[in-house]
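Chemist: One file: start_20.pdb (PDB, C-alpha atoms).
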```pdb
ATOM      1  CA  MET R 218    -184.319  66.204  66.797
ATOM      2  CA  SER R 219    -180.978  67.417  65.410
ATOM      3  CA  ARG R 220    -179.205  70.112  67.413
ATOM      4  CA  ASP R 221    -177.371  73.103  66.003
ATOM      5  CA  TYR R 222    -173.962  74.183  67.316
ATOM      6  CA  PHE R 223    -173.708  77.804  66.183
ATOM      7  CA  TYR R 224    -171.090  78.931  68.688
ATOM      8  CA  PHE R 225    -168.846  75.882  68.377
ATOM      9  CA  ILE R 226    -168.817  75.734  64.573
ATOM     10  CA  SER R 227    -168.480  79.481  64.008
ATOM     11  CA  GLY R 228    -165.363  79.426  66.183
ATOM     12  CA  LEU R 229    -163.603  76.660  64.242
ATOM     13  CA  PRO R 230    -160.621  77.815  62.160
ATOM     14  CA  ASN R 231    -160.796  77.165  58.419
ATOM     15  CA  LEU R 232    -159.028  74.070  57.131
ATOM     16  CA  ASN R 233    -157.223  73.956  53.803
ATOM     17  CA  PHE R 234    -155.559  70.940  52.258
ATOM     18  CA  GLU R 235    -152.402  73.037  51.848
ATOM     19  CA  ASP R 236    -152.144  73.948  55.548
ATOM     20  CA  SER R 237    -148.638  73.439  56.959
ATOM     21  CA  LYS R 238    -149.787  73.466  60.584
ATOM     22  CA  LEU R 239    -152.951  72.876  62.576
ATOM     23  CA  ALA R 240    -154.649  75.281  64.957
ATOM     24  CA  TYR R 241    -155.173  72.286  67.215
ATOM     25  CA  SER R 242    -154.740  68.544  67.047
ATOM     26  CA  PRO R 243    -157.501  65.925  66.657
ATOM     27  CA  GLU R 244    -157.016  65.143  70.359
ATOM     28  CA  GLN R 245    -157.575  68.782  71.308
ATOM     29  CA  PHE R 246    -160.597  68.938  69.028
ATOM     30  CA  ARG R 247    -162.164  65.912  70.732
ATOM     31  CA  THR R 248    -161.638  67.502  74.138
ATOM     32  CA  GLU R 249    -163.424  70.658  72.990
ATOM     33  CA  ALA R 250    -166.145  68.661  71.230
ATOM     34  CA  ALA R 251    -166.818  66.594  74.361
ATOM     35  CA  ALA R 252    -167.637  69.818  76.204
ATOM     36  CA  GLN R 253    -169.809  71.237  73.415
ATOM     37  CA  LEU R 254    -171.717  68.299  71.943
ATOM     38  CA  SER R 255    -174.565  66.268  73.323
ATOM     39  CA  GLU R 256    -173.551  62.813  74.519
ATOM     40  CA  SER R 257    -175.226  61.112  71.556
ATOM     41  CA  ASP R 258    -173.613  63.450  69.015
ATOM     42  CA  PHE R 259    -170.177  62.985  70.573
ATOM     43  CA  ARG R 260    -170.602  59.243  70.153
ATOM     44  CA  PHE R 261    -171.040  59.810  66.429
ATOM     45  CA  LEU R 262    -167.587  61.378  66.416
ATOM     46  CA  GLU R 263    -166.124  58.404  68.291
ATOM     47  CA  ILE R 264    -167.549  56.005  65.700
ATOM     48  CA  LEU R 265    -165.175  57.528  63.141
ATOM     49  CA  HIS R 266    -162.368  55.809  65.074
ATOM     50  CA  LEU R 267    -164.087  52.458  65.458
ATOM     51  CA  PRO R 268    -162.198  50.672  62.611
ATOM     52  CA  GLN R 269    -158.878  51.517  64.285
ATOM     53  CA  ASP R 270    -160.198  50.565  67.714
ATOM     54  CA  LEU R 271    -161.316  47.179  66.378
ATOM     55  CA  GLU R 272    -157.851  46.692  64.904
ATOM     56  CA  ASN R 273    -156.290  47.285  68.332
ATOM     57  CA  LEU R 274    -158.825  45.000  69.981
ATOM     58  CA  LEU R 275    -157.975  42.152  67.596
ATOM     59  CA  ARG R 276    -154.277  42.603  68.375
ATOM     60  CA  LEU R 277    -155.045  41.578  71.950
ATOM     61  CA  VAL R 278    -157.447  38.775  71.065
ATOM     62  CA  TYR R 279    -154.783  37.119  68.920
ATOM     63  CA  LYS R 280    -151.741  38.343  70.886
ATOM     64  CA  SER R 281    -150.447  39.781  67.635
ATOM     65  CA  GLU R 282    -147.088  41.524  67.319
ATOM     66  CA  LYS R 283    -148.630  44.265  65.187
ATOM     67  CA  ASP R 284    -148.024  47.780  66.451
ATOM     68  CA  PHE R 285    -150.725  49.634  68.338
ATOM     69  CA  ASN R 286    -152.660  51.865  65.946
ATOM     70  CA  PRO R 287    -152.518  55.387  67.444
ATOM     71  CA  GLU R 288    -155.656  56.323  65.479
ATOM     72  CA  GLY R 289    -157.627  54.227  67.960
ATOM     73  CA  LEU R 290    -159.217  56.134  70.837
ATOM     74  CA  TYR R 291    -158.722  53.599  73.625
ATOM     75  CA  PRO R 292    -155.538  52.147  75.173
ATOM     76  CA  ASP R 293    -154.841  48.430  75.430
ATOM     77  CA  SER R 294    -155.935  48.434  79.077
ATOM     78  CA  HIS R 295    -159.463  49.379  77.950
ATOM     79  CA  TRP R 296    -159.660  46.465  75.538
ATOM     80  CA  GLU R 297    -158.095  44.048  78.016
ATOM     81  CA  ALA R 298    -160.917  44.914  80.410
ATOM     82  CA  TYR R 299    -163.432  44.354  77.612
ATOM     83  CA  LEU R 300    -161.991  40.936  76.812
ATOM     84  CA  GLU R 301    -162.114  40.034  80.486
ATOM     85  CA  PHE R 302    -165.817  40.941  80.475
ATOM     86  CA  LEU R 303    -166.409  38.727  77.408
ATOM     87  CA  ARG R 304    -164.610  35.780  79.035
ATOM     88  CA  ARG R 305    -166.813  36.117  82.110
ATOM     89  CA  LYS R 306    -169.842  36.352  79.850
ATOM     90  CA  LEU R 307    -168.991  32.953  78.368
ATOM     91  CA  ASP R 308    -169.833  31.453  81.769
ATOM     92  CA  LYS R 309    -172.606  33.914  82.580
ATOM     93  CA  PRO R 310    -174.505  34.717  79.351
ATOM     94  CA  ASP R 311    -176.865  37.112  81.148
ATOM     95  CA  LEU R 312    -174.028  39.287  82.398
ATOM     96  CA  ALA R 313    -174.799  42.933  81.593
ATOM     97  CA  CYS R 314    -172.350  44.945  79.538
ATOM     98  CA  PRO R 315    -170.503  47.605  81.590
ATOM     99  CA  PRO R 316    -171.446  51.143  80.510
ATOM    100  CA  GLU R 317    -167.936  51.964  79.259
ATOM    101  CA  PHE R 318    -168.326  49.358  76.503
ATOM    102  CA  THR R 319    -171.865  50.148  75.378
ATOM    103  CA  ILE R 320    -170.594  52.332  72.518
ATOM    104  CA  LEU R 321    -169.561  49.135  70.747
ATOM    105  CA  PRO R 322    -172.177  47.818  68.315
ATOM    106  CA  GLU R 323    -173.650  44.450  69.230
ATOM    107  CA  PHE R 324    -171.954  42.579  66.397
ATOM    108  CA  VAL R 325    -168.519  43.104  67.973
ATOM    109  CA  GLY R 326    -169.313  41.233  71.179
ATOM    110  CA  ASN R 327    -171.287  38.528  69.376
ATOM    111  CA  THR R 328    -168.455  37.853  66.938
ATOM    112  CA  LEU R 329    -165.753  37.766  69.591
ATOM    113  CA  LEU R 330    -167.787  35.543  71.908
ATOM    114  CA  ARG R 331    -168.070  33.000  69.102
ATOM    115  CA  ILE R 332    -164.343  33.238  68.367
ATOM    116  CA  LEU R 333    -163.340  32.872  72.015
ATOM    117  CA  GLN R 334    -165.408  29.695  72.294
ATOM    118  CA  GLN R 335    -163.528  27.993  69.463
ATOM    119  CA  GLU R 336    -161.040  25.345  70.521
ATOM    120  CA  ASP R 337    -158.780  26.398  67.665
ATOM    121  CA  MET R 338    -159.508  30.035  66.932
ATOM    122  CA  GLN R 339    -159.948  30.911  63.287
ATOM    123  CA  SER R 340    -157.278  33.108  61.756
ATOM    124  CA  MET R 341    -156.978  36.750  62.688
ATOM    125  CA  LEU R 342    -157.345  37.700  59.024
ATOM    126  CA  LYS R 343    -160.683  35.880  58.780
ATOM    127  CA  THR R 344    -162.010  37.507  61.951
ATOM    128  CA  GLU R 345    -160.836  40.904  60.782
ATOM    129  CA  GLY R 346    -162.687  40.416  57.495
ATOM    130  CA  GLU R 347    -165.879  39.446  59.330
ATOM    131  CA  LEU R 348    -165.729  42.504  61.572
ATOM    132  CA  ILE R 349    -165.018  44.850  58.668
ATOM    133  CA  ARG R 350    -167.960  43.542  56.647
ATOM    134  CA  GLN R 351    -170.270  43.765  59.657
ATOM    135  CA  PHE R 352    -169.008  47.252  60.441
ATOM    136  CA  TYR R 353    -169.863  48.590  56.980
ATOM    137  CA  ALA R 354    -173.252  46.869  57.069
ATOM    138  CA  TRP R 355    -173.907  48.465  60.464
ATOM    139  CA  THR R 356    -172.895  51.983  59.378
ATOM    140  CA  ALA R 357    -175.020  51.660  56.223
ATOM    141  CA  ARG R 358    -178.069  51.566  58.529
ATOM    142  CA  HIS R 359    -176.819  54.239  60.907
ATOM    143  CA  GLU R 360    -179.189  56.974  62.014
ATOM    144  CA  ASN R 361    -176.691  59.724  61.269
ATOM    145  CA  ASP R 362    -176.696  60.688  57.604
ATOM    146  CA  PHE R 363    -173.053  61.749  57.427
ATOM    147  CA  LEU R 364    -171.728  58.564  59.037
ATOM    148  CA  ALA R 365    -173.859  56.328  56.810
ATOM    149  CA  LYS R 366    -172.757  58.075  53.616
ATOM    150  CA  TRP R 367    -169.119  58.601  54.666
ATOM    151  CA  PHE R 368    -168.532  54.918  55.288
ATOM    152  CA  ASP R 369    -170.504  53.995  52.180
ATOM    153  CA  PHE R 370    -168.139  56.213  50.174
ATOM    154  CA  ASP R 371    -165.163  54.735  52.010
ATOM    155  CA  ALA R 372    -166.294  51.175  51.234
ATOM    156  CA  HIS R 373    -166.880  52.124  47.594
ATOM    157  CA  LEU R 374    -163.377  53.593  47.305
ATOM    158  CA  ARG R 375    -161.671  50.726  49.106
ATOM    159  CA  ASN R 376    -163.523  48.052  47.131
ATOM    160  CA  ILE R 377    -162.402  49.572  43.847
ATOM    161  CA  LEU R 378    -158.777  49.785  45.004
ATOM    162  CA  VAL R 379    -158.861  46.202  46.283
ATOM    163  CA  ALA R 380    -160.140  45.042  42.901
ATOM    164  CA  ILE R 381    -157.576  47.057  40.932
ATOM    165  CA  ASN R 382    -154.694  45.801  43.080
ATOM    166  CA  GLY R 383    -156.011  42.250  43.144
ATOM    167  CA  ARG R 384    -156.256  42.067  39.392
ATOM    168  CA  LYS R 385    -152.835  43.651  38.865
ATOM    169  CA  PHE R 386    -151.095  41.178  41.155
ATOM    170  CA  ASN R 387    -153.309  38.210  40.231
ATOM    171  CA  LEU R 388    -154.657  37.750  43.743
ATOM    172  CA  PRO R 389    -158.002  36.201  44.815
ATOM    173  CA  TYR R 390    -159.363  39.517  46.040
ATOM    174  CA  ALA R 391    -163.123  38.837  45.935
ATOM    175  CA  ASP R 392    -163.228  37.692  49.576
ATOM    176  CA  TYR R 393    -161.848  41.070  50.677
ATOM    177  CA  LEU R 394    -164.626  43.134  49.140
ATOM    178  CA  VAL R 395    -167.297  44.448  51.496
ATOM    179  CA  GLY R 396    -170.989  44.704  50.769
ATOM    180  CA  GLU R 397    -173.418  42.754  48.628
ATOM    181  CA  ASP R 398    -174.477  45.315  46.069
ATOM    182  CA  GLU R 399    -174.230  45.429  42.287
ATOM    183  CA  LEU R 400    -170.886  47.213  42.409
ATOM    184  CA  THR R 401    -169.318  44.522  44.576
ATOM    185  CA  GLU R 402    -170.648  41.772  42.328
ATOM    186  CA  LYS R 403    -169.191  43.423  39.231
ATOM    187  CA  LEU R 404    -165.821  43.957  40.894
ATOM    188  CA  ALA R 405    -165.745  40.334  42.004
ATOM    189  CA  LYS R 406    -166.897  38.648  38.792
ATOM    190  CA  SER R 407    -166.369  40.885  35.774
ATOM    191  CA  HIS R 408    -163.456  40.179  33.420
ATOM    192  CA  ALA R 409    -163.864  43.483  31.574
ATOM    193  CA  ALA R 410    -161.027  46.005  31.754
ATOM    194  CA  ASP R 411    -163.291  48.403  33.624
ATOM    195  CA  PHE R 412    -164.972  45.648  35.682
ATOM    196  CA  GLY R 413    -168.163  46.361  33.760
ATOM    197  CA  LEU R 414    -168.556  49.728  35.461
ATOM    198  CA  GLY R 415    -168.024  51.894  32.403
ATOM    199  CA  LYS R 416    -168.122  55.647  32.803
ATOM    200  CA  GLU R 417    -171.225  55.494  34.976
ATOM    201  CA  ASP R 418    -169.095  55.066  38.097
ATOM    202  CA  GLU R 419    -167.344  58.425  38.391
ATOM    203  CA  LEU R 420    -165.297  57.372  41.395
ATOM    204  CA  PHE R 421    -163.894  54.397  39.455
ATOM    205  CA  GLU R 422    -162.932  56.699  36.594
ATOM    206  CA  SER R 423    -161.058  58.958  39.005
ATOM    207  CA  LEU R 424    -159.357  56.148  40.907
ATOM    208  CA  ILE R 425    -158.155  54.243  37.869
ATOM    209  CA  ARG R 426    -156.416  57.374  36.586
ATOM    210  CA  ILE R 427    -154.884  58.137  39.959
ATOM    211  CA  TYR R 428    -153.679  54.542  40.169
ATOM    212  CA  GLU R 429    -151.774  55.013  36.926
ATOM    213  CA  GLN R 430    -149.466  57.474  38.682
ATOM    214  CA  ASN R 431    -146.215  55.687  39.525
ATOM    215  CA  ASN R 432    -145.511  57.168  42.942
ATOM    216  CA  LEU R 433    -147.392  55.400  45.746
ATOM    217  CA  LEU R 434    -147.285  58.382  48.095
ATOM    218  CA  TYR R 435    -148.638  60.663  45.398
ATOM    219  CA  ARG R 436    -151.502  58.253  44.889
ATOM    220  CA  GLU R 437    -152.316  58.114  48.589
ATOM    221  CA  LYS R 438    -152.305  61.899  48.769
ATOM    222  CA  THR R 439    -154.736  62.161  45.888
ATOM    223  CA  TYR R 440    -157.087  59.570  47.390
ATOM    224  CA  ASP R 441    -157.326  61.911  50.374
ATOM    225  CA  ILE R 442    -158.020  64.832  48.030
ATOM    226  CA  LEU R 443    -161.034  62.868  46.806
ATOM    227  CA  ARG R 444    -162.136  62.251  50.384
ATOM    228  CA  TRP R 445    -161.763  65.956  51.145
ATOM    229  CA  LYS R 446    -163.806  66.937  48.113
ATOM    230  CA  TRP R 447    -166.486  64.387  49.017
ATOM    231  CA  ILE R 448    -166.838  66.018  52.445
ATOM    232  CA  ASP R 449    -167.219  69.455  50.836
ATOM    233  CA  ASN R 450    -169.950  68.167  48.542
ATOM    234  CA  GLN R 451    -171.754  66.226  51.263
ATOM    235  CA  ASN R 452    -171.816  69.144  53.706
ATOM    236  CA  PHE R 453    -172.486  71.921  51.193
ATOM    237  CA  PHE R 454    -175.880  72.667  52.764
ATOM    238  CA  ASN R 455    -174.938  71.692  56.314
ATOM    239  CA  TYR R 456    -173.926  74.732  58.309
ATOM    240  CA  PHE R 457    -174.192  74.307  62.078
ATOM    241  CA  ASN R 458    -175.235  70.698  62.676
ATOM    242  CA  ILE R 459    -173.393  67.572  63.780
ATOM    243  CA  ASP R 460    -172.714  66.547  60.160
ATOM    244  CA  ARG R 461    -170.656  69.710  59.657
ATOM    245  CA  ILE R 462    -168.644  68.843  62.778
ATOM    246  CA  LEU R 463    -168.090  65.243  61.682
ATOM    247  CA  GLY R 464    -166.886  66.396  58.265
ATOM    248  CA  TYR R 465    -164.576  68.963  59.832
ATOM    249  CA  TYR R 466    -163.111  66.304  62.099
ATOM    250  CA  CYS R 467    -162.518  63.935  59.166
ATOM    251  CA  LYS R 468    -160.604  66.723  57.404
ATOM    252  CA  LEU R 469    -158.636  67.441  60.563
ATOM    253  CA  ARG R 470    -157.584  63.794  60.781
ATOM    254  CA  ILE R 471    -156.541  63.780  57.113
ATOM    255  CA  LEU R 472    -154.361  66.862  57.603
ATOM    256  CA  SER R 473    -152.911  65.550  60.830
ATOM    257  CA  ARG R 474    -151.762  62.312  59.204
ATOM    258  CA  TRP R 475    -149.958  64.118  56.384
ATOM    259  CA  LEU R 476    -148.426  66.799  58.576
ATOM    260  CA  LYS R 477    -147.033  64.165  60.914
ATOM    261  CA  ALA R 478    -145.267  62.664  57.920
ATOM    262  CA  ASP R 479    -143.604  65.968  56.927
ATOM    263  CA  PRO R 480    -145.477  69.260  56.486
ATOM    264  CA  ASN R 481    -143.137  70.644  53.806
ATOM    265  CA  TRP R 482    -143.098  67.378  51.889
ATOM    266  CA  GLY R 483    -146.882  67.158  52.146
ATOM    267  CA  LYS R 484    -147.374  70.636  50.673
ATOM    268  CA  GLU R 485    -144.921  69.893  47.845
ATOM    269  CA  VAL R 486    -146.664  66.612  47.061
ATOM    270  CA  PHE R 487    -150.028  68.358  47.008
ATOM    271  CA  HIS R 488    -148.968  70.902  44.379
ATOM    272  CA  ASP R 489    -147.010  68.394  42.292
ATOM    273  CA  THR R 490    -149.886  65.931  42.385
ATOM    274  CA  LEU R 491    -152.392  68.540  41.241
ATOM    275  CA  ASN R 492    -150.131  69.635  38.401
ATOM    276  CA  ALA R 493    -149.463  66.083  37.231
ATOM    277  CA  LEU R 494    -153.104  65.080  37.379
ATOM    278  CA  GLU R 495    -154.456  68.203  35.741
ATOM    279  CA  ASN R 496    -152.011  67.786  32.874
ATOM    280  CA  SER R 497    -152.838  64.111  32.351
ATOM    281  CA  PHE R 498    -156.594  63.873  32.753
ATOM    282  CA  THR R 499    -159.771  65.624  33.855
ATOM    283  CA  PHE R 500    -161.731  64.587  36.902
ATOM    284  CA  PRO R 501    -165.457  64.084  36.469
ATOM    285  CA  GLU R 502    -167.341  67.191  37.599
ATOM    286  CA  ASP R 503    -168.287  65.745  40.986
ATOM    287  CA  PHE R 504    -164.617  65.113  41.791
ATOM    288  CA  ASN R 505    -163.028  68.154  40.157
ATOM    289  CA  ILE R 506    -159.828  68.687  42.116
ATOM    290  CA  LYS R 507    -159.423  72.210  40.746
ATOM    291  CA  SER R 508    -162.140  73.317  43.138
ATOM    292  CA  VAL R 509    -160.059  72.122  46.105
ATOM    293  CA  LYS R 510    -157.693  75.028  45.587
ATOM    294  CA  LYS R 511    -160.500  77.487  46.233
ATOM    295  CA  HIS R 512    -161.249  76.334  49.756
TER     296      HIS R 512
END
```
Mind turning this structure into structure tokens?

Modeler:
Amino acid sequence: MSRDYFYFISGLPNLNFEDSKLAYSPEQFRTEAAAQLSESDFRFLEILHLPQDLENLLRLVYKSEKDFNPEGLYPDSHWEAYLEFLRRKLDKPDLACPPEFTILPEFVGNTLLRILQQEDMQSMLKTEGELIRQFYAWTARHENDFLAKWFDFDAHLRNILVAINGRKFNLPYADYLVGEDELTEKLAKSHAADFGLGKEDELFESLIRIYEQNNLLYREKTYDILRWKWIDNQNFFNYFNIDRILGYYCKLRILSRWLKADPNWGKEVFHDTLNALENSFTFPEDFNIKSVKKH
């Protein structure tokens, strides 16, 4: 049964996309959340970081020179211990998983065990693609409604952007799409200018117009405006439950990323982006950025 967190949520400061500073950092929020949430609900919050954690894990598997992604929750030492467990499991298949790694979904260990057994390991890019596709399939079935829908929205958004970029630069992008639904099939196979989506896909209509803006940073900012607005819509009737907390934390991470870049620049980009977009096109009702100003 879902728990309510009246005291915790009522004490959270309001977040606005225009904020130039944070009341506390994502790290501080997690510390507070760990003390307030049930163990199972806190794990839902940790899952929001799983894509970045998997990225850091793959760095070690392939001894990559890529930088550590600070959005991941666990240090390299944690993942080195996990890889050591997997190597021992190759010789002892019945070896039980240590409790500190049980948060990982089963597909992670199964995939890496297969990779580690290969005489010549497949490319890091191929393994990364496999894990990403399995991750989105796993979250689509997740018991928590917010997580399932958040990552479904994220996959939808990313698939459209992959297709738009792939077509623009004449790249074979179909293998980088995730999911096996009608949308993915249209993005992969359609030769129509709108990938056969028409005006029925409101997110596509919004993204294609944002993509027409010349400044890359402006585009990235506006993609996050869409994410922010999606959270508002999704949690409109959620007041004191874990979904409200997960949405708040997603917003906190969005703000934190932009404020680390430059708080003054971020605020300027926000206003300039809104002005440019409002003067050039209208968002569909579900993604009306004008309403962001009211929060």

Chemist: Mind giving me the straight-line distance from atom CA of Leu271 of chain R to atom CA of Arg331 of chain R in Å, one decimal?

Modeler: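 Computing it gives 15.9 Å between the two atoms.
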
Chemist: Considering all atoms listed in the file, give me a table of residues in segment 418-470 of chain R that are at most 9 Å from segment 367-376 of chain R, with the closest atom pair and distance in Å for each, as a Markdown table.

Modeler:
```
| residue | atom | partner | partner_atom | distance |
| --- | --- | --- | --- | --- |
| R:Leu420 | CA | R:Leu374 | CA | 7.3 |
| R:Phe421 | CA | R:Leu374 | CA | 7.9 |
| R:Leu424 | CA | R:Leu374 | CA | 8.0 |
| R:Tyr440 | CA | R:Leu374 | CA | 8.7 |
| R:Arg444 | CA | R:Asp371 | CA | 8.3 |
| R:Trp447 | CA | R:Phe370 | CA | 8.4 |
| R:Ile448 | CA | R:Trp367 | CA | 8.1 |
| R:Gln451 | CA | R:Trp367 | CA | 8.8 |
| R:Gly464 | CA | R:Trp367 | CA | 8.9 |
```

Chemist: Under the rule that all atoms listed in the file are counted, which of R:Thr344, R:Thr356, R:Asn431, R:Asn361 is the nearest residue to Ser219 of chain R?

Modeler: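 Between R:Thr344, R:Thr356, R:Asn431, R:Asn361, the residue approaching Ser219 of chain R most closely is R:Asn361.
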
Chemist: Set the distance at 10 Å and use all atoms listed in the file: which residues neighbour Leu400 of chain R once local chain neighbours fewer than 6 positions away are removed? I'd like the list as number ranges by chain.

Modeler: R: 373, 376-377, 412-414, 418

Chemist: Measure the distance from atom CA of Glu235 of chain R to atom CA of Ala478 of chain R in Å and round it to one decimal.

Modeler: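 For atom CA of Glu235 of chain R relative to atom CA of Ala478 of chain R, the distance reads 14.0 Å.
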
Chemist: What separation in Å, quoted to one decimal, exists between atom CA of Arg426 of chain R and atom CA of Pro389 of chain R?

Modeler: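 Result for atom CA of Arg426 of chain R versus atom CA of Pro389 of chain R: 22.8 Å, one decimal.
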
Chemist: Quick one: contact table of segment 222-270 of chain R to segment 274-284 of chain R, 10 Å max, nearest atom pair and distance in Å to one decimal per residue, counting all atoms listed in the file, chain and number order, as JSON lines?

Modeler:
```
{"residue": "R:Pro268", "atom": "CA", "partner": "R:Leu274", "partner_atom": "CA", "distance": 9.9}
{"residue": "R:Gln269", "atom": "CA", "partner": "R:Leu274", "partner_atom": "CA", "distance": 8.7}
{"residue": "R:Asp270", "atom": "CA", "partner": "R:Leu274", "partner_atom": "CA", "distance": 6.2}
```

Chemist: What residues come out when you apply the PyMOL selection byres ((chain R and resi 260) around 12) to this file, written as a PyMOL selection string?

Modeler: chain R and resi 247+250-251+254-259+261-267+290+317-322+361+364+459+463

Chemist: Between R:Ile226, R:Pro287, R:Glu422, R:Val379, which has the minimum distance to Leu404 of chain R (counting all atoms listed in the file)?

Modeler: R:Val379

Chemist: Name all residues at most 10 Å from Thr328 of chain R (count all atoms listed in the file; drop same-chain ones fewer than 2 positions away) and give them as an MDAnalysis selection string.

Modeler: chainID R and resid 323:326 330:333 344 347:348 351

Chemist: The PyMOL selection byres ((chain R and resi 236) around 9) - which residues does that actually catch in the file I just gave you? List them as number ranges by chain.

Modeler: R: 232-235, 237-239, 472, 476, 480, 484

Chemist: For Arg220 of chain R, which of R:Met338, R:Ile462, R:Ala313, R:Ala409 is the closest residue, counting all atoms listed in the file?

Modeler: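 Ranking R:Met338, R:Ile462, R:Ala313, R:Ala409 by distance to Arg220 of chain R, first place goes to R:Ile462.
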
Chemist: Select, from R:Glu437, R:Lys403, R:Leu329, R:Asn452, the residue with the minimum atom-to-atom distance to Lys366 of chain R, counting all atoms listed in the file.

Modeler: R:Asn452

Chemist: Kindly extract all protein, DNA and RNA residues lying within 9 Å of the coordinates (-173.4, 76.0, 62.6) given in the file, considering only C-alpha atoms, and supply them as an MDAnalysis selection string.

Modeler: chainID R and resid 221:227 455:459 461:462

Chemist: Between R:Asp441, R:Leu312, R:Glu249, R:Asp392, single out the one closest to Arg474 of chain R, counting all atoms listed in the file.

Modeler: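 Among R:Asp441, R:Leu312, R:Glu249, R:Asp392, it is R:Asp441 that comes nearest to Arg474 of chain R.
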